[in-house]
Amino acid sequence: MAPQHSSRSRHRIARAAFLFLALASGLGLSSGGCGSKRDIAAEELGTPNTMPKDQILYREAQQTFSRWMKDFGTQGRTAELYPLLSVLSVKKLRAMGVTSGASFAAWFETQRAQARAPFFYSFSRIDILDIDVRDTAHAIVTASIVVDVPSKQLESVGSFFLVRERGAWKVPFGESGDFDRSWWQQERKFTSLVRDEGLSHFSSAGVNVAFLYPVTWDVDDARSFRVPGEPSAQTGVELGYLNPSTNEKEVSLRIWSAPVLPSESLPIADTSGADVQLIKKEEAHSPDAAHAVGTLFTLFDRRNGRLIRVYGAVLESAGGYARYAAIIARIVESLTLPS
């Protein structure tokens with residue numbers, strides 16, 4: 001009987017050893033090895049792993065605004081703006097016969113051709129400064145922008161508005177009947193030209209002046225042209241901008257010199273320290289374009305005792321003189337004598 005008892009004892013010992021080894025193996029696997037910890041999902045610890053709602057709204061507003069500004073004024077991309085319009089904007093446009101992306105693009109181009117703001121704008125630089133989404137139904141985007149208009153770039157800061165509809169941000173373009181202020185409020189007007197960016201230098205041997213002008217303009221020296229207040233043609237420098245989409249010369253600038261007349265009122269003292277000083281600016285009508293408005297500038301060349309005259313004219317169909325006033329003034333300001 002003793003051998004049977006010994007056999008049962010050995011069997012129980014072997015079974016206990018097996019269970020112990022199995023338990024030790026299981027503990028080792030669950031701990032991932034000596035000194036390591038098992039990765040526990042955030043949900044198991046009760047930690048939320050979803051993005052906060054205000055952050056989602058911010059990101060979506062940023063995406064919508066960036067897309068709108070990128071496609072606005074870009075040839076061939078205008079139809080892409082239609083899905084971003086608010087419900088009320090779509091309704092107002094439908095009353096005007098605009099019912100799809102294609103018809104919206106055609107209507108948009110018609111407004112651009114008629115030089116209506118803001119349809120002829122495009123945006124070459126957009127720096128988002130802030131997006132206020134505290135009101136989850138509305139977003140206010142504050143941004144610094146560079147606006148491209150024919151032949152010049154202008155800097156501005158503005159607030160842009162978005163509305164939340166059907167789980168997405170939309171642009172209230174024209175909701176108030178104004179396709180400018182409905183979605184955009186300028187905080188700083190277009191008063192500052194981008195620093196000489198896109199300007200080239202020209203020196204005229206005939207008129208003996210030097211100046212800056214837009215690289216997209218044509219310039220021709222020793223030209224003969226008619227100007228306001230002169231019975232005969234004058235000879236000088238002529239600049240102009242030809243709109244490539246309409247093949248129409250929208251603006252022209254003519255520079256020539258003239259002797260000082262007894263009736264001219266000259267500055268008594270040189271307070272500017274410049275060789276060339278602006279002494280008069282007046283509205284004048286173009287002698288060879290019935291539908292153009294312009295400004296005649298008179299400058300005094302102190303070094304040579306003569307007058308320099310500049311006449312800038314803009315077609316009314318191109319939006320009138322105000323559309324090019326800033327760049328014309330920039331050209332006149334840059335006038336100097338060749339070194």
# chains A, B, ... in the order shown; residues from 1 in each chain; ligands from 1
call {"tool": "residues_around", "arguments": {"residues": "Ala233 (chain A)", "least_positions_apart": "2", "cutoff": "12 Å", "atoms": "only C-alpha atoms", "output": "PDB file with all heavy atoms, in the first residue's frame"}}
result
ATOM      1  N   ARG A 223       6.539 110.066 -76.879  1.00  0.00           N
ATOM      2  CA  ARG A 223       5.247 109.920 -77.536  1.00  0.00           C
ATOM      3  C   ARG A 223       4.603 111.279 -77.747  1.00  0.00           C
ATOM      4  O   ARG A 223       4.801 112.217 -76.975  1.00  0.00           O
ATOM      5  CB  ARG A 223       4.317 109.075 -76.665  1.00  0.00           C
ATOM      6  CG  ARG A 223       4.643 107.594 -76.675  1.00  0.00           C
ATOM      7  CD  ARG A 223       3.989 106.861 -77.812  1.00  0.00           C
ATOM      8  NE  ARG A 223       2.535 106.898 -77.701  1.00  0.00           N
ATOM      9  CZ  ARG A 223       1.733 106.327 -78.600  1.00  0.00           C
ATOM     10  NH1 ARG A 223       2.246 105.717 -79.643  1.00  0.00           N
ATOM     11  NH2 ARG A 223       0.435 106.382 -78.455  1.00  0.00           N
ATOM     12  N   SER A 224       3.782 111.389 -78.775  1.00  0.00           N
ATOM     13  CA  SER A 224       3.006 112.602 -79.018  1.00  0.00           C
ATOM     14  C   SER A 224       1.569 112.328 -78.610  1.00  0.00           C
ATOM     15  O   SER A 224       0.985 111.304 -78.985  1.00  0.00           O
ATOM     16  CB  SER A 224       3.074 112.988 -80.502  1.00  0.00           C
ATOM     17  OG  SER A 224       2.309 114.156 -80.746  1.00  0.00           O
ATOM     18  N   PHE A 225       0.996 113.246 -77.788  1.00  0.00           N
ATOM     19  CA  PHE A 225      -0.360 113.020 -77.302  1.00  0.00           C
ATOM     20  C   PHE A 225      -1.030 114.345 -76.997  1.00  0.00           C
ATOM     21  O   PHE A 225      -0.385 115.378 -76.847  1.00  0.00           O
ATOM     22  CB  PHE A 225      -0.352 112.138 -76.047  1.00  0.00           C
ATOM     23  CG  PHE A 225       0.727 112.495 -75.049  1.00  0.00           C
ATOM     24  CD1 PHE A 225       0.676 113.686 -74.319  1.00  0.00           C
ATOM     25  CD2 PHE A 225       1.809 111.651 -74.839  1.00  0.00           C
ATOM     26  CE1 PHE A 225       1.664 114.017 -73.406  1.00  0.00           C
ATOM     27  CE2 PHE A 225       2.807 111.965 -73.928  1.00  0.00           C
ATOM     28  CZ  PHE A 225       2.733 113.149 -73.203  1.00  0.00           C
ATOM     29  N   ARG A 226      -2.358 114.274 -76.887  1.00  0.00           N
ATOM     30  CA  ARG A 226      -3.137 115.453 -76.538  1.00  0.00           C
ATOM     31  C   ARG A 226      -3.420 115.440 -75.038  1.00  0.00           C
ATOM     32  O   ARG A 226      -3.574 114.377 -74.429  1.00  0.00           O
ATOM     33  CB  ARG A 226      -4.452 115.470 -77.312  1.00  0.00           C
ATOM     34  CG  ARG A 226      -4.273 115.594 -78.820  1.00  0.00           C
ATOM     35  CD  ARG A 226      -5.617 115.550 -79.523  1.00  0.00           C
ATOM     36  NE  ARG A 226      -6.484 116.630 -79.078  1.00  0.00           N
ATOM     37  CZ  ARG A 226      -7.815 116.598 -79.133  1.00  0.00           C
ATOM     38  NH1 ARG A 226      -8.434 115.509 -79.546  1.00  0.00           N
ATOM     39  NH2 ARG A 226      -8.527 117.626 -78.732  1.00  0.00           N
ATOM     40  N   VAL A 227      -3.482 116.631 -74.454  1.00  0.00           N
ATOM     41  CA  VAL A 227      -3.706 116.763 -73.012  1.00  0.00           C
ATOM     42  C   VAL A 227      -4.650 117.934 -72.749  1.00  0.00           C
ATOM     43  O   VAL A 227      -4.788 118.840 -73.579  1.00  0.00           O
ATOM     44  CB  VAL A 227      -2.371 117.006 -72.267  1.00  0.00           C
ATOM     45  CG1 VAL A 227      -1.497 115.759 -72.337  1.00  0.00           C
ATOM     46  CG2 VAL A 227      -1.641 118.219 -72.820  1.00  0.00           C
ATOM     47  N   PRO A 228      -5.318 117.943 -71.590  1.00  0.00           N
ATOM     48  CA  PRO A 228      -6.246 119.041 -71.267  1.00  0.00           C
ATOM     49  C   PRO A 228      -5.522 120.380 -71.164  1.00  0.00           C
ATOM     50  O   PRO A 228      -4.401 120.461 -70.651  1.00  0.00           O
ATOM     51  CB  PRO A 228      -6.812 118.627 -69.902  1.00  0.00           C
ATOM     52  CG  PRO A 228      -6.575 117.165 -69.816  1.00  0.00           C
ATOM     53  CD  PRO A 228      -5.321 116.899 -70.556  1.00  0.00           C
ATOM     54  N   GLY A 229      -6.178 121.430 -71.661  1.00  0.00           N
ATOM     55  CA  GLY A 229      -5.652 122.784 -71.530  1.00  0.00           C
ATOM     56  C   GLY A 229      -4.590 123.175 -72.533  1.00  0.00           C
ATOM     57  O   GLY A 229      -4.094 124.308 -72.490  1.00  0.00           O
ATOM     58  N   GLU A 230      -4.198 122.277 -73.420  1.00  0.00           N
ATOM     59  CA  GLU A 230      -3.186 122.592 -74.421  1.00  0.00           C
ATOM     60  C   GLU A 230      -3.799 122.467 -75.809  1.00  0.00           C
ATOM     61  O   GLU A 230      -4.354 121.421 -76.159  1.00  0.00           O
ATOM     62  CB  GLU A 230      -1.990 121.635 -74.304  1.00  0.00           C
ATOM     63  CG  GLU A 230      -1.248 121.732 -72.978  1.00  0.00           C
ATOM     64  CD  GLU A 230      -0.436 123.015 -72.874  1.00  0.00           C
ATOM     65  OE1 GLU A 230      -0.314 123.743 -73.883  1.00  0.00           O
ATOM     66  OE2 GLU A 230       0.056 123.302 -71.764  1.00  0.00           O
ATOM     67  N   PRO A 231      -3.698 123.522 -76.640  1.00  0.00           N
ATOM     68  CA  PRO A 231      -4.304 123.480 -77.978  1.00  0.00           C
ATOM     69  C   PRO A 231      -3.586 122.535 -78.938  1.00  0.00           C
ATOM     70  O   PRO A 231      -4.190 122.035 -79.892  1.00  0.00           O
ATOM     71  CB  PRO A 231      -4.200 124.932 -78.457  1.00  0.00           C
ATOM     72  CG  PRO A 231      -3.050 125.489 -77.688  1.00  0.00           C
ATOM     73  CD  PRO A 231      -3.065 124.812 -76.360  1.00  0.00           C
ATOM     74  N   THR A 235       4.714 116.297 -76.299  1.00  0.00           N
ATOM     75  CA  THR A 235       5.583 115.128 -76.425  1.00  0.00           C
ATOM     76  C   THR A 235       6.142 114.775 -75.051  1.00  0.00           C
ATOM     77  O   THR A 235       6.614 115.642 -74.317  1.00  0.00           O
ATOM     78  CB  THR A 235       6.749 115.406 -77.388  1.00  0.00           C
ATOM     79  OG1 THR A 235       6.215 115.737 -78.687  1.00  0.00           O
ATOM     80  CG2 THR A 235       7.638 114.175 -77.531  1.00  0.00           C
ATOM     81  N   GLY A 236       6.049 113.498 -74.711  1.00  0.00           N
ATOM     82  CA  GLY A 236       6.536 113.074 -73.406  1.00  0.00           C
ATOM     83  C   GLY A 236       6.418 111.576 -73.222  1.00  0.00           C
ATOM     84  O   GLY A 236       6.484 110.812 -74.180  1.00  0.00           O
ATOM     85  N   ARG A 254       0.051 110.499 -68.763  1.00  0.00           N
ATOM     86  CA  ARG A 254       0.915 111.234 -69.684  1.00  0.00           C
ATOM     87  C   ARG A 254       1.733 112.263 -68.910  1.00  0.00           C
ATOM     88  O   ARG A 254       1.198 113.017 -68.105  1.00  0.00           O
ATOM     89  CB  ARG A 254       0.065 111.907 -70.766  1.00  0.00           C
ATOM     90  CG  ARG A 254      -0.643 110.883 -71.649  1.00  0.00           C
ATOM     91  CD  ARG A 254      -1.726 111.454 -72.511  1.00  0.00           C
ATOM     92  NE  ARG A 254      -2.322 110.411 -73.338  1.00  0.00           N
ATOM     93  CZ  ARG A 254      -3.367 110.593 -74.148  1.00  0.00           C
ATOM     94  NH1 ARG A 254      -3.951 111.790 -74.224  1.00  0.00           N
ATOM     95  NH2 ARG A 254      -3.827 109.585 -74.864  1.00  0.00           N
ATOM     96  N   TRP A 256       4.725 115.298 -69.270  1.00  0.00           N
ATOM     97  CA  TRP A 256       5.452 116.197 -70.172  1.00  0.00           C
ATOM     98  C   TRP A 256       5.928 117.412 -69.378  1.00  0.00           C
ATOM     99  O   TRP A 256       5.552 117.614 -68.237  1.00  0.00           O
ATOM    100  CB  TRP A 256       4.574 116.605 -71.355  1.00  0.00           C
ATOM    101  CG  TRP A 256       3.452 117.556 -71.034  1.00  0.00           C
ATOM    102  CD1 TRP A 256       3.432 118.905 -71.261  1.00  0.00           C
ATOM    103  CD2 TRP A 256       2.182 117.228 -70.431  1.00  0.00           C
ATOM    104  NE1 TRP A 256       2.233 119.446 -70.834  1.00  0.00           N
ATOM    105  CE2 TRP A 256       1.455 118.441 -70.334  1.00  0.00           C
ATOM    106  CE3 TRP A 256       1.605 116.062 -69.979  1.00  0.00           C
ATOM    107  CZ2 TRP A 256       0.176 118.490 -69.794  1.00  0.00           C
ATOM    108  CZ3 TRP A 256       0.331 116.120 -69.441  1.00  0.00           C
ATOM    109  CH2 TRP A 256      -0.362 117.312 -69.347  1.00  0.00           C
ATOM    110  N   PRO A 287      -9.159 114.953 -73.548  1.00  0.00           N
ATOM    111  CA  PRO A 287      -9.551 115.532 -74.831  1.00  0.00           C
ATOM    112  C   PRO A 287      -9.826 114.482 -75.906  1.00  0.00           C
ATOM    113  O   PRO A 287     -10.408 114.799 -76.942  1.00  0.00           O
ATOM    114  CB  PRO A 287      -8.332 116.382 -75.203  1.00  0.00           C
ATOM    115  CG  PRO A 287      -7.188 115.701 -74.536  1.00  0.00           C
ATOM    116  CD  PRO A 287      -7.736 115.145 -73.259  1.00  0.00           C
ATOM    117  N   ASP A 288      -9.423 113.243 -75.689  1.00  0.00           N
ATOM    118  CA  ASP A 288      -9.617 112.222 -76.734  1.00  0.00           C
ATOM    119  C   ASP A 288     -10.387 111.003 -76.240  1.00  0.00           C
ATOM    120  O   ASP A 288     -10.403 109.979 -76.910  1.00  0.00           O
ATOM    121  CB  ASP A 288      -8.269 111.773 -77.311  1.00  0.00           C
ATOM    122  CG  ASP A 288      -7.275 111.353 -76.251  1.00  0.00           C
ATOM    123  OD1 ASP A 288      -7.662 111.269 -75.068  1.00  0.00           O
ATOM    124  OD2 ASP A 288      -6.113 111.118 -76.597  1.00  0.00           O
TER     125      ASP A 288
END
call {"tool": "atom_distance", "arguments": {"atom1": "CA of Ala222 (chain A)", "atom2": "CA of Lys280 (chain A)"}}
result
24.3 Å
call {"tool": "select_by_dssp", "arguments": {"residues": "region 63-187 of chain A", "states": "helix (DSSP H, G or I)", "output": "compact mmCIF listing (two decimals) with all heavy atoms, in the first residue's frame"}}
result
# COMPACT_ATOMS: atom_id res chain seq x y z
N GLN A 63 -11.16 76.57 -42.17
CA GLN A 63 -11.13 75.88 -43.47
C GLN A 63 -12.08 76.54 -44.46
O GLN A 63 -11.73 76.77 -45.62
CB GLN A 63 -11.49 74.41 -43.28
CG GLN A 63 -10.43 73.62 -42.51
CD GLN A 63 -10.89 72.22 -42.15
OE1 GLN A 63 -12.08 71.88 -42.24
NE2 GLN A 63 -9.96 71.38 -41.73
N THR A 64 -13.30 76.87 -44.01
CA THR A 64 -14.29 77.50 -44.89
C THR A 64 -13.82 78.87 -45.35
O THR A 64 -13.89 79.21 -46.54
CB THR A 64 -15.64 77.63 -44.17
OG1 THR A 64 -16.11 76.33 -43.82
CG2 THR A 64 -16.67 78.32 -45.06
N PHE A 65 -13.34 79.68 -44.41
CA PHE A 65 -12.87 81.03 -44.74
C PHE A 65 -11.69 80.97 -45.71
O PHE A 65 -11.65 81.72 -46.70
CB PHE A 65 -12.48 81.77 -43.46
CG PHE A 65 -11.88 83.12 -43.70
CD1 PHE A 65 -12.65 84.18 -44.13
CD2 PHE A 65 -10.52 83.34 -43.50
CE1 PHE A 65 -12.10 85.44 -44.35
CE2 PHE A 65 -9.96 84.59 -43.71
CZ PHE A 65 -10.76 85.63 -44.14
N SER A 66 -10.73 80.11 -45.46
CA SER A 66 -9.55 80.01 -46.32
C SER A 66 -9.94 79.58 -47.73
O SER A 66 -9.40 80.10 -48.72
CB SER A 66 -8.54 79.02 -45.73
OG SER A 66 -8.08 79.45 -44.47
N ARG A 67 -10.87 78.65 -47.83
CA ARG A 67 -11.32 78.20 -49.15
C ARG A 67 -12.03 79.32 -49.90
O ARG A 67 -11.81 79.52 -51.09
CB ARG A 67 -12.25 76.99 -48.97
CG ARG A 67 -12.77 76.42 -50.29
CD ARG A 67 -13.70 75.26 -50.02
NE ARG A 67 -14.43 74.89 -51.22
CZ ARG A 67 -15.47 74.07 -51.25
NH1 ARG A 67 -15.86 73.48 -50.12
NH2 ARG A 67 -16.10 73.79 -52.38
N TRP A 68 -12.90 80.04 -49.21
CA TRP A 68 -13.63 81.15 -49.84
C TRP A 68 -12.67 82.22 -50.36
O TRP A 68 -12.78 82.66 -51.49
CB TRP A 68 -14.61 81.75 -48.83
CG TRP A 68 -15.30 82.99 -49.30
CD1 TRP A 68 -14.87 84.27 -49.18
CD2 TRP A 68 -16.55 83.07 -50.01
NE1 TRP A 68 -15.76 85.15 -49.73
CE2 TRP A 68 -16.79 84.45 -50.26
CE3 TRP A 68 -17.47 82.13 -50.43
CZ2 TRP A 68 -17.94 84.88 -50.92
CZ3 TRP A 68 -18.62 82.57 -51.10
CH2 TRP A 68 -18.84 83.93 -51.33
N MET A 69 -11.72 82.63 -49.54
CA MET A 69 -10.79 83.69 -49.92
C MET A 69 -9.86 83.24 -51.04
O MET A 69 -9.45 84.04 -51.89
CB MET A 69 -9.97 84.12 -48.71
CG MET A 69 -10.80 84.70 -47.58
SD MET A 69 -11.62 86.25 -48.00
CE MET A 69 -10.29 87.42 -47.73
N LYS A 70 -9.50 81.97 -51.06
CA LYS A 70 -8.61 81.46 -52.10
C LYS A 70 -9.29 81.45 -53.46
O LYS A 70 -8.68 81.82 -54.48
CB LYS A 70 -8.16 80.04 -51.74
CG LYS A 70 -7.24 79.40 -52.76
CD LYS A 70 -6.84 78.00 -52.35
CE LYS A 70 -5.96 77.35 -53.41
NZ LYS A 70 -5.60 75.95 -53.02
N ASP A 71 -10.56 81.06 -53.50
CA ASP A 71 -11.27 80.96 -54.78
C ASP A 71 -11.87 82.28 -55.22
O ASP A 71 -12.17 82.46 -56.41
CB ASP A 71 -12.38 79.91 -54.68
CG ASP A 71 -11.82 78.50 -54.55
OD1 ASP A 71 -10.64 78.31 -54.90
OD2 ASP A 71 -12.56 77.61 -54.09
N THR A 78 -14.58 80.43 -59.60
CA THR A 78 -15.71 81.13 -58.98
C THR A 78 -16.88 80.21 -58.67
O THR A 78 -17.56 80.39 -57.66
CB THR A 78 -16.16 82.29 -59.88
OG1 THR A 78 -15.03 83.02 -60.33
CG2 THR A 78 -17.09 83.23 -59.14
N ALA A 79 -17.11 79.22 -59.51
CA ALA A 79 -18.23 78.30 -59.28
C ALA A 79 -18.06 77.54 -57.96
O ALA A 79 -19.06 77.10 -57.36
CB ALA A 79 -18.35 77.32 -60.44
N GLU A 80 -16.81 77.39 -57.51
CA GLU A 80 -16.55 76.68 -56.26
C GLU A 80 -17.07 77.44 -55.04
O GLU A 80 -17.17 76.87 -53.94
CB GLU A 80 -15.04 76.44 -56.10
CG GLU A 80 -14.40 75.70 -57.26
CD GLU A 80 -14.95 74.29 -57.43
OE1 GLU A 80 -15.23 73.65 -56.39
OE2 GLU A 80 -15.13 73.85 -58.58
N LEU A 81 -17.40 78.72 -55.20
CA LEU A 81 -17.90 79.51 -54.08
C LEU A 81 -19.37 79.21 -53.79
O LEU A 81 -19.83 79.40 -52.66
CB LEU A 81 -17.74 81.01 -54.39
CG LEU A 81 -16.32 81.55 -54.64
CD1 LEU A 81 -16.40 83.02 -55.04
CD2 LEU A 81 -15.46 81.38 -53.40
N TYR A 82 -20.10 78.76 -54.79
CA TYR A 82 -21.55 78.60 -54.65
C TYR A 82 -21.95 77.68 -53.51
O TYR A 82 -22.85 78.01 -52.72
CB TYR A 82 -22.15 78.12 -55.98
CG TYR A 82 -23.66 78.16 -56.01
CD1 TYR A 82 -24.34 79.37 -56.17
CD2 TYR A 82 -24.40 76.99 -55.87
CE1 TYR A 82 -25.72 79.41 -56.19
CE2 TYR A 82 -25.79 77.02 -55.89
CZ TYR A 82 -26.44 78.23 -56.05
OH TYR A 82 -27.82 78.27 -56.06
N PRO A 83 -21.29 76.52 -53.32
CA PRO A 83 -21.68 75.65 -52.20
C PRO A 83 -21.40 76.25 -50.83
O PRO A 83 -21.91 75.75 -49.82
CB PRO A 83 -20.82 74.39 -52.42
CG PRO A 83 -20.42 74.44 -53.85
CD PRO A 83 -20.28 75.89 -54.17
N LEU A 84 -20.61 77.31 -50.77
CA LEU A 84 -20.27 77.94 -49.49
C LEU A 84 -21.24 79.04 -49.10
O LEU A 84 -21.12 79.63 -48.02
CB LEU A 84 -18.85 78.51 -49.55
CG LEU A 84 -17.72 77.52 -49.87
CD1 LEU A 84 -16.39 78.25 -49.92
CD2 LEU A 84 -17.67 76.40 -48.85
N VAL A 87 -27.94 80.00 -46.84
CA VAL A 87 -29.26 79.73 -47.41
C VAL A 87 -29.93 81.00 -47.90
O VAL A 87 -30.50 81.05 -48.99
CB VAL A 87 -30.15 79.03 -46.35
CG1 VAL A 87 -31.59 78.92 -46.85
CG2 VAL A 87 -29.60 77.66 -46.02
N LEU A 88 -29.85 82.07 -47.10
CA LEU A 88 -30.48 83.33 -47.50
C LEU A 88 -29.78 83.93 -48.71
O LEU A 88 -30.44 84.52 -49.59
CB LEU A 88 -30.46 84.32 -46.33
CG LEU A 88 -31.17 85.66 -46.56
CD1 LEU A 88 -32.60 85.45 -47.01
CD2 LEU A 88 -31.12 86.51 -45.30
N SER A 89 -28.46 83.78 -48.81
CA SER A 89 -27.72 84.28 -49.97
C SER A 89 -28.18 83.55 -51.24
O SER A 89 -28.40 84.17 -52.29
CB SER A 89 -26.22 84.09 -49.78
OG SER A 89 -25.74 84.87 -48.71
N VAL A 90 -28.34 82.24 -51.14
CA VAL A 90 -28.81 81.45 -52.28
C VAL A 90 -30.20 81.90 -52.69
O VAL A 90 -30.51 82.02 -53.89
CB VAL A 90 -28.79 79.95 -51.94
CG1 VAL A 90 -29.49 79.13 -53.02
CG2 VAL A 90 -27.37 79.46 -51.75
N LYS A 91 -31.07 82.16 -51.70
CA LYS A 91 -32.44 82.58 -51.98
C LYS A 91 -32.45 83.93 -52.70
O LYS A 91 -33.19 84.12 -53.68
CB LYS A 91 -33.22 82.68 -50.67
CG LYS A 91 -34.67 83.07 -50.84
CD LYS A 91 -35.40 83.10 -49.50
CE LYS A 91 -36.86 83.51 -49.66
NZ LYS A 91 -37.56 83.56 -48.35
N LYS A 92 -31.62 84.87 -52.25
CA LYS A 92 -31.59 86.19 -52.88
C LYS A 92 -31.02 86.10 -54.31
O LYS A 92 -31.49 86.80 -55.21
CB LYS A 92 -30.76 87.15 -52.04
CG LYS A 92 -31.46 87.62 -50.76
CD LYS A 92 -30.62 88.62 -49.99
CE LYS A 92 -31.39 89.19 -48.80
NZ LYS A 92 -32.52 90.04 -49.21
N LEU A 93 -30.02 85.26 -54.50
CA LEU A 93 -29.46 85.10 -55.83
C LEU A 93 -30.43 84.40 -56.77
O LEU A 93 -30.48 84.71 -57.97
CB LEU A 93 -28.14 84.32 -55.75
CG LEU A 93 -26.95 85.09 -55.19
CD1 LEU A 93 -25.80 84.15 -54.88
CD2 LEU A 93 -26.50 86.17 -56.17
N ARG A 94 -31.24 83.47 -56.21
CA ARG A 94 -32.21 82.78 -57.05
C ARG A 94 -33.22 83.76 -57.63
O ARG A 94 -33.66 83.62 -58.77
CB ARG A 94 -32.93 81.71 -56.23
CG ARG A 94 -33.83 80.81 -57.07
CD ARG A 94 -34.56 79.77 -56.23
NE ARG A 94 -33.60 78.85 -55.62
CZ ARG A 94 -33.48 78.69 -54.33
NH1 ARG A 94 -34.24 79.39 -53.47
NH2 ARG A 94 -32.60 77.83 -53.84
N GLY A 101 -23.91 76.67 -59.54
CA GLY A 101 -22.53 77.13 -59.54
C GLY A 101 -22.13 77.76 -60.86
O GLY A 101 -21.44 78.78 -60.88
N ALA A 102 -22.59 77.18 -61.96
CA ALA A 102 -22.25 77.71 -63.29
C ALA A 102 -22.86 79.09 -63.51
O ALA A 102 -22.19 80.01 -64.00
CB ALA A 102 -22.71 76.74 -64.37
N SER A 103 -24.14 79.25 -63.15
CA SER A 103 -24.78 80.56 -63.35
C SER A 103 -24.22 81.59 -62.36
O SER A 103 -24.14 82.78 -62.68
CB SER A 103 -26.30 80.45 -63.19
OG SER A 103 -26.65 79.94 -61.92
N PHE A 104 -23.81 81.13 -61.17
CA PHE A 104 -23.17 82.04 -60.22
C PHE A 104 -21.85 82.56 -60.78
O PHE A 104 -21.54 83.75 -60.69
CB PHE A 104 -22.94 81.33 -58.89
CG PHE A 104 -22.22 82.17 -57.86
CD1 PHE A 104 -22.89 83.15 -57.15
CD2 PHE A 104 -20.86 82.00 -57.63
CE1 PHE A 104 -22.24 83.93 -56.21
CE2 PHE A 104 -20.19 82.77 -56.68
CZ PHE A 104 -20.89 83.74 -55.98
N ALA A 105 -21.06 81.67 -61.40
CA ALA A 105 -19.78 82.07 -61.99
C ALA A 105 -19.99 83.07 -63.11
O ALA A 105 -19.25 84.06 -63.23
CB ALA A 105 -19.03 80.84 -62.49
N ALA A 106 -21.00 82.84 -63.95
CA ALA A 106 -21.28 83.76 -65.06
C ALA A 106 -21.72 85.12 -64.54
O ALA A 106 -21.28 86.17 -65.03
CB ALA A 106 -22.36 83.16 -65.97
N TRP A 107 -22.60 85.11 -63.53
CA TRP A 107 -23.06 86.36 -62.93
C TRP A 107 -21.90 87.11 -62.27
O TRP A 107 -21.77 88.32 -62.39
CB TRP A 107 -24.15 86.04 -61.90
CG TRP A 107 -24.56 87.19 -61.03
CD1 TRP A 107 -25.41 88.21 -61.35
CD2 TRP A 107 -24.12 87.44 -59.68
NE1 TRP A 107 -25.53 89.08 -60.29
CE2 TRP A 107 -24.75 88.63 -59.25
CE3 TRP A 107 -23.27 86.78 -58.81
CZ2 TRP A 107 -24.55 89.15 -57.99
CZ3 TRP A 107 -23.07 87.30 -57.55
CH2 TRP A 107 -23.70 88.47 -57.14
N PHE A 108 -21.05 86.38 -61.57
CA PHE A 108 -19.89 86.96 -60.88
C PHE A 108 -18.98 87.66 -61.89
O PHE A 108 -18.52 88.78 -61.66
CB PHE A 108 -19.12 85.86 -60.15
CG PHE A 108 -18.15 86.35 -59.11
CD1 PHE A 108 -18.48 86.31 -57.76
CD2 PHE A 108 -16.90 86.84 -59.47
CE1 PHE A 108 -17.58 86.75 -56.80
CE2 PHE A 108 -16.01 87.29 -58.51
CZ PHE A 108 -16.34 87.25 -57.18
N GLU A 109 -18.72 87.00 -63.03
CA GLU A 109 -17.84 87.58 -64.05
C GLU A 109 -18.46 88.83 -64.67
O GLU A 109 -17.74 89.77 -65.03
CB GLU A 109 -17.52 86.55 -65.13
CG GLU A 109 -16.64 85.42 -64.66
CD GLU A 109 -15.32 85.91 -64.09
OE1 GLU A 109 -14.73 86.84 -64.66
OE2 GLU A 109 -14.90 85.38 -63.04
N THR A 110 -19.77 88.86 -64.77
CA THR A 110 -20.45 90.07 -65.29
C THR A 110 -20.24 91.24 -64.35
O THR A 110 -19.97 92.36 -64.79
CB THR A 110 -21.96 89.80 -65.47
OG1 THR A 110 -22.15 88.74 -66.40
CG2 THR A 110 -22.67 91.05 -65.98
N GLN A 111 -20.36 90.99 -63.05
CA GLN A 111 -20.12 92.05 -62.07
C GLN A 111 -18.68 92.53 -62.12
O GLN A 111 -18.38 93.71 -62.00
CB GLN A 111 -20.44 91.54 -60.65
CG GLN A 111 -21.82 90.94 -60.48
CD GLN A 111 -22.93 91.86 -60.90
OE1 GLN A 111 -23.01 93.01 -60.48
NE2 GLN A 111 -23.81 91.36 -61.76
N ARG A 112 -17.75 91.58 -62.30
CA ARG A 112 -16.34 91.94 -62.37
C ARG A 112 -16.06 92.83 -63.59
O ARG A 112 -15.33 93.81 -63.50
CB ARG A 112 -15.48 90.67 -62.44
CG ARG A 112 -13.98 90.92 -62.31
CD ARG A 112 -13.16 89.84 -62.99
NE ARG A 112 -13.49 88.50 -62.56
CZ ARG A 112 -12.95 87.89 -61.51
NH1 ARG A 112 -12.05 88.50 -60.78
NH2 ARG A 112 -13.29 86.66 -61.20
N ALA A 113 -16.65 92.46 -64.73
CA ALA A 113 -16.44 93.23 -65.96
C ALA A 113 -16.96 94.66 -65.83
O ALA A 113 -16.45 95.57 -66.48
CB ALA A 113 -17.11 92.53 -67.14
call {"tool": "residues_around", "arguments": {"residues": "Arg164 (chain A)", "least_positions_apart": "2", "cutoff": "12 Å", "atoms": "only C-alpha atoms", "output": "number ranges by chain"}}
result
A: 57-58, 60-61, 64, 84-87, 133, 135-140, 161-162, 166-172
call {"tool": "write_last_selection", "arguments": {"atoms": "C-alpha atoms", "output": "short mmCIF file (atom, residue, chain, number, x, y, z; two decimals), in the first residue's frame"}}
result
data_model
loop_
_atom_site.label_atom_id
_atom_site.label_comp_id
_atom_site.auth_asym_id
_atom_site.auth_seq_id
_atom_site.Cartn_x
_atom_site.Cartn_y
_atom_site.Cartn_z
CA LEU A 57 -15.93 74.98 -34.80
CA TYR A 58 -12.71 77.01 -34.97
CA GLU A 60 -14.03 74.27 -39.62
CA ALA A 61 -14.43 78.08 -39.74
CA THR A 64 -14.29 77.50 -44.89
CA LEU A 84 -20.27 77.94 -49.49
CA LEU A 85 -23.16 80.44 -49.71
CA SER A 86 -25.65 80.75 -46.87
CA VAL A 87 -29.26 79.73 -47.41
CA VAL A 133 -16.78 81.20 -32.33
CA ASP A 135 -21.62 82.27 -30.56
CA THR A 136 -21.87 78.82 -32.14
CA ALA A 137 -24.27 80.12 -34.82
CA HIS A 138 -21.91 82.87 -35.98
CA ALA A 139 -18.16 83.25 -36.44
CA ILE A 140 -16.14 86.44 -36.77
CA PHE A 161 -18.56 86.85 -41.03
CA LEU A 162 -19.68 83.23 -41.24
CA ARG A 166 -26.88 72.46 -41.26
CA GLY A 167 -23.70 71.58 -39.42
CA ALA A 168 -21.37 73.66 -41.61
CA TRP A 169 -20.06 77.22 -41.85
CA LYS A 170 -21.47 79.31 -44.70
CA VAL A 171 -20.74 82.81 -46.07
CA PRO A 172 -23.62 85.37 -45.82
#
